[in-house]
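The structure appears below as structure tokens.
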Amino acid sequence: MTATSAPNIDTNLLAILETVSDPEIPVLTVVDLGVIRSAVQKEETVFIELTPTYSGCPAMDVISDDLTAAFKAQGLETKIELILDPAWNTDWISEKGRDQMQAYGIAPPLDETSDKQVLLGNARMVGCTNCGSTNTQLVSQFGSTACKALFKCEDCLEPFDYFKCLR
Amino acid sequence: MIQNKDLIQYILGISDNAMILGQRLGELCGHGPNLETDIALTNISLDLFGQTRSYLQYAAKLKDDGSTEDDMAYLRKEHEYKNVLLVEQPNTDFAYVIVRQFLFDVYHLLFLEQLSESKDQQLSAIATKSIKEVKYHVRFSGDWVKRLGDGTKESHNRIQAAIDILYPYTNEFFEASEVEKLAMSSEIGVNVQDLKTEYLKLVTQLLTEATLTFPEQVYFLSGGKQGKHTEYMGFILADFQYMQRTYPNMSW
């Protein structure tokens with residue numbers, strides 16, 4: 001965790017923000033995903049700084065729309081700004097978020113060194129989301145979305161997604 | 001200080017490389033040799049278009065005349081696109097796709113590492129963000145160069161043929177255009193000439209590992225940075241611009 005990782009979110013807005021989730025990983029709220037860098041209310045307007053996971057991630061447009069709708073339902077206007085600096089990294093996914101991903105069937109990211117090892121096929125460390133075995137193998141470096149790789153478990157034979165480490 | 005119009009041109013040069021290569025990869029959607037590769041190539045395309053959007057949104061903001069990222073992407077004429085010739089070369093076969101990608105990825109990563117040091121904060125932020133994605137691209141294309149090069153006799157011959165045809169387009173990376181020189185002298189742009197030694201070292205290393213070689217006699221080709229493109233560019237744009245030209249101002 002770096003010093004810049006703590007977002008500036010007004011505590012009274014947290015409950016509303018947590019109703020919005022990543023459309024690709026519905027169990028993960030935008031807060032747990034770490035894409036909300038700040039959310040501050042000034043009178044009837046909420047100013048949100050949103051950072052993309054991957055540059056081309058189509059979920060960002062959906063998340064913006066969902067945030068606007070969620071606050072509108074509470075009678076609040078939103079001004080959303082997309083910021084690139086500092087760049088999002090997988091350390092910003094919360095512990096709760098990681099557990100939820102695992103339960104949903106997406107293995108959460110390993111640290112950078114281990115990530116490189118597993119994606120080069122040199123080590124087996126990613127835990128199967130079905131049986132927990134680490135006897136798992138890379139099928140493809142790119143999975144169903146840009147942020148994921150495709151793995152299979154050699155023990156229970158189940159295929160699953162792995163959320164790649166981005167640092 | 002670099003003038004606004006030159007800075008915009010500089011940004012377009014960078015984003016056109018990503019955009020035209022992204023378009024070429026997009027053509028492969030549903031046509032990859034297998035499902036995993038198909039998904040990988042289109043994911044890389046998506047990354048490149050995401051980066052393109054960041055650059056073009058910034059360029060449109062600098063232009064400050066009501067232009068949008070879409071105008072910048074779709075409404076220029078062929079000679080106004082400043083991408084290098086390599087990225088517009090066709091998807092002849094999978095070997096060509098991989099070699100084009102690998103030759104570009106290695107350059108792209110070296111270029112972005114320098115751009116992340118730019119005095120221009122927005123360019124530096126886009127570069128820092130993009131580096132994370134491009135690291136995966138290099139890994140993917142490099143891996144396939146090795147597999148095909150050190151694979152069967154057939155795969156070796158075909159990827160060597162692709163290298164022989166595409167390698168002559170690589171020197172253009174390192175030939176600084178006027179606008180690149182301007183951007184460089186104001187510490188915003190990258191000194192592309194300086195990247196050449198490291199580029200050749202990295203590419204040679206991997207090719208050797210893959211039992212492949214550079215062609216011996218090479219006549220290097222360039223012109224894209226000046227807007228002088230190969231015949232393929234017109235066909236790419238005909239496809240790329242079709243919707244905006246046919247239904248002006250349409251949006252999704």
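A note on labels: chains of the structure tokens are A, B, ... as shown, every chain counts residues from 1, and ligands are counted from 1 in their shown order.
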
For a quick test of understanding: name the residues of chain A lying within 7 Å of chain B when counting only C-alpha atoms, and present them as a PDB file with C-alpha atoms, in the first residue's frame.
```
ATOM      1  CA  TYR A  54      -7.397  -0.340 -17.699  1.00  0.00           C
ATOM      2  CA  SER A  55      -7.344   2.535 -20.231  1.00  0.00           C
ATOM      3  CA  GLY A  56      -9.840   0.853 -22.525  1.00  0.00           C
ATOM      4  CA  LEU A  84      -5.241   9.067 -14.627  1.00  0.00           C
ATOM      5  CA  ASP A  85      -2.662  10.144 -12.063  1.00  0.00           C
ATOM      6  CA  ALA A  87      -2.574   5.271 -11.991  1.00  0.00           C
ATOM      7  CA  SER A 140      -4.326 -17.645 -21.710  1.00  0.00           C
ATOM      8  CA  PHE A 142      -5.859 -12.577 -21.598  1.00  0.00           C
ATOM      9  CA  GLY A 143      -9.244 -13.699 -20.322  1.00  0.00           C
ATOM     10  CA  ALA A 146      -8.534  -7.056 -20.241  1.00  0.00           C
ATOM     11  CA  LEU A 166      -1.245  -4.357 -12.193  1.00  0.00           C
ATOM     12  CA  ARG A 167       1.377  -2.174 -10.536  1.00  0.00           C
TER      13      ARG A 167
END
```

Query - Contacts of Thr113 (chain A) within 12 Å, only C-alpha atoms, excl. fewer than 5 positions in-chain, as a PyMOL selection string - result: chain A and resi 118-120+122-123+125+164-167

Can you write just those residues out, N, CA and C atoms, as a PDB file, in the first residue's frame?
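Final output, saved to out05.pdb:
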```pdb
ATOM      1  N   VAL A 118       3.649 -16.846 -12.575  1.00  0.00           N
ATOM      2  CA  VAL A 118       2.510 -17.679 -13.004  1.00  0.00           C
ATOM      3  C   VAL A 118       2.117 -17.379 -14.447  1.00  0.00           C
ATOM      4  N   LEU A 119       2.269 -16.109 -14.871  1.00  0.00           N
ATOM      5  CA  LEU A 119       1.862 -15.779 -16.238  1.00  0.00           C
ATOM      6  C   LEU A 119       2.881 -16.254 -17.269  1.00  0.00           C
ATOM      7  N   LEU A 120       4.089 -16.523 -16.835  1.00  0.00           N
ATOM      8  CA  LEU A 120       5.075 -17.097 -17.752  1.00  0.00           C
ATOM      9  C   LEU A 120       5.034 -18.626 -17.690  1.00  0.00           C
ATOM     10  N   ASN A 122       5.908 -20.415 -15.187  1.00  0.00           N
ATOM     11  CA  ASN A 122       7.055 -20.952 -14.452  1.00  0.00           C
ATOM     12  C   ASN A 122       6.713 -21.435 -13.043  1.00  0.00           C
ATOM     13  N   ALA A 123       5.557 -21.072 -12.542  1.00  0.00           N
ATOM     14  CA  ALA A 123       5.210 -21.474 -11.178  1.00  0.00           C
ATOM     15  C   ALA A 123       3.704 -21.674 -11.080  1.00  0.00           C
ATOM     16  N   MET A 125       0.888 -21.011  -8.461  1.00  0.00           N
ATOM     17  CA  MET A 125       0.594 -20.385  -7.177  1.00  0.00           C
ATOM     18  C   MET A 125      -0.836 -19.870  -7.073  1.00  0.00           C
ATOM     19  N   LYS A 164      -5.340 -10.174 -13.000  1.00  0.00           N
ATOM     20  CA  LYS A 164      -3.893  -9.955 -13.107  1.00  0.00           C
ATOM     21  C   LYS A 164      -3.418  -8.817 -12.207  1.00  0.00           C
ATOM     22  N   CYS A 165      -2.195  -8.974 -11.719  1.00  0.00           N
ATOM     23  CA  CYS A 165      -1.581  -7.917 -10.913  1.00  0.00           C
ATOM     24  C   CYS A 165      -1.224  -6.746 -11.826  1.00  0.00           C
ATOM     25  N   LEU A 166      -1.588  -5.553 -11.429  1.00  0.00           N
ATOM     26  CA  LEU A 166      -1.245  -4.357 -12.193  1.00  0.00           C
ATOM     27  C   LEU A 166      -0.590  -3.386 -11.232  1.00  0.00           C
ATOM     28  N   ARG A 167       0.680  -3.076 -11.446  1.00  0.00           N
ATOM     29  CA  ARG A 167       1.377  -2.174 -10.536  1.00  0.00           C
ATOM     30  C   ARG A 167       2.084  -1.078 -11.286  1.00  0.00           C
TER      31      ARG A 167
END
```

Report task. Mind listing the strand (DSSP E) residues of region 7-144 of chain A, per DSSP on the backbone, as number ranges by chain? Result -> A: 8-9, 21-22, 25-29, 36-42, 45-50, 77-82, 106-107, 136-140

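Counting only C-alpha atoms and comparing A:Ile9, A:Tyr162, A:Lys42, A:Asn130, the residue that lies closest to Pro109 (chain A) is A:Tyr162.
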
Requested in this report: Just list the residues in region 2-166 of chain A DSSP gives helix (DSSP H, G or I) on the backbone, as a ChimeraX atom specification.
Outcome: /A:3-5,11-17,30-33,59-72,90-92,95-104,112-119

**Report entry** Pick from B:Val218, B:Leu115, B:Ala73, B:Leu7, whichever lies nearest to Met19 (chain B) using only C-alpha atoms
**Finding:** B:Ala73

Query raised in the report: Counting only C-alpha atoms, what is within 9 Å of Gln114 (chain B), bar same-chain residues fewer than 3 positions away, as number ranges by chain?
Result: B: 109-111, 117-118, 124, 127, 189-191

Those residues with C-alpha atoms, as a compact mmCIF listing (two decimals), in the first residue's frame please?
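Okay, out_16.txt is ready:
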```txt
# COMPACT_ATOMS: atom_id res chain seq x y z
CA LEU B 109 7.40 0.20 -23.97
CA LEU B 110 10.78 1.96 -24.34
CA PHE B 111 9.01 5.04 -25.70
CA GLU B 117 9.31 11.45 -17.55
CA SER B 118 7.77 14.19 -19.72
CA SER B 124 3.33 11.63 -18.28
CA ALA B 127 2.31 7.05 -20.32
CA GLY B 189 8.79 14.71 -26.03
CA VAL B 190 10.96 11.61 -26.19
CA ASN B 191 14.37 11.51 -27.85
```

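Within the 7 Å cut-off around Ile83 (chain A), using only C-alpha atoms and omitting residues fewer than 3 positions from it on the same chain, the listed residues are A:Glu49, A:Leu50, A:Thr51.
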
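Taking CA of Thr197 (chain B) as the reference point, CA of Phe174 (chain B) is found at 10.0 Å.
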
Query raised in the report: Interatomic distance between CA of Ser133 (chain A) and CA of Leu33 (chain A)?
Result: 25.2 Å

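Every protein or nucleic acid residue with an atom no more than 10 Å from region 151-157 of chain B, counting only C-alpha atoms and leaving out same-chain residues fewer than 4 positions away, appears here: Phe94, Ala95, Trp144, Val145, Lys146, Arg147, Ala161, Ala162, Ile163, Ala210, Thr211 and Leu212 of chain B.
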
**Report entry** Neighbour list for Tyr219 (chain B) as a PyMOL selection string, cut-off 12 Å, only C-alpha atoms, skip fewer than 6 positions in-chain
**Finding:** chain B and resi 164-172

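The gap separating CA of Lys79 (chain A) from CA of Gln100 (chain A) is 29.0 Å, in Å to one decimal.
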
Would you list the contacts of region 85-92 of chain B as a PDB file with N, CA and C atoms, in the first residue's frame, taking every protein, DNA or RNA residue within 6 Å and counting only C-alpha atoms, but skipping same-chain residues closer than 3 positions in sequence?
```pdb
ATOM      1  N   LEU B  21      -2.889   0.622 -35.113  1.00  0.00           N
ATOM      2  CA  LEU B  21      -2.592  -0.766 -34.739  1.00  0.00           C
ATOM      3  C   LEU B  21      -3.813  -1.391 -34.055  1.00  0.00           C
ATOM      4  N   TYR B  96       2.690 -12.622 -39.316  1.00  0.00           N
ATOM      5  CA  TYR B  96       2.794 -11.176 -39.553  1.00  0.00           C
ATOM      6  C   TYR B  96       2.178 -10.396 -38.395  1.00  0.00           C
ATOM      7  N   VAL B  97       1.041 -10.866 -37.913  1.00  0.00           N
ATOM      8  CA  VAL B  97       0.349 -10.190 -36.806  1.00  0.00           C
ATOM      9  C   VAL B  97       1.262 -10.152 -35.582  1.00  0.00           C
ATOM     10  N   TYR B 169      10.588  -1.685 -41.665  1.00  0.00           N
ATOM     11  CA  TYR B 169       9.745  -0.564 -41.219  1.00  0.00           C
ATOM     12  C   TYR B 169      10.145  -0.044 -39.830  1.00  0.00           C
ATOM     13  N   GLY B 224       5.564   7.605 -42.783  1.00  0.00           N
ATOM     14  CA  GLY B 224       4.314   7.718 -42.045  1.00  0.00           C
ATOM     15  C   GLY B 224       4.250   8.945 -41.151  1.00  0.00           C
TER      16      GLY B 224
END
```

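Using only C-alpha atoms, the nearest neighbour of Thr19 (chain A) within the list A:Ile63, A:Glu154, A:Cys57, A:Val46 is A:Ile63.
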
Requested in this report: Rank nothing, just name the residue among B:Ser251, B:Leu202, B:Ile188, B:Phe214 nearest to Ser116 (chain B), using only C-alpha atoms.
Outcome: B:Ile188
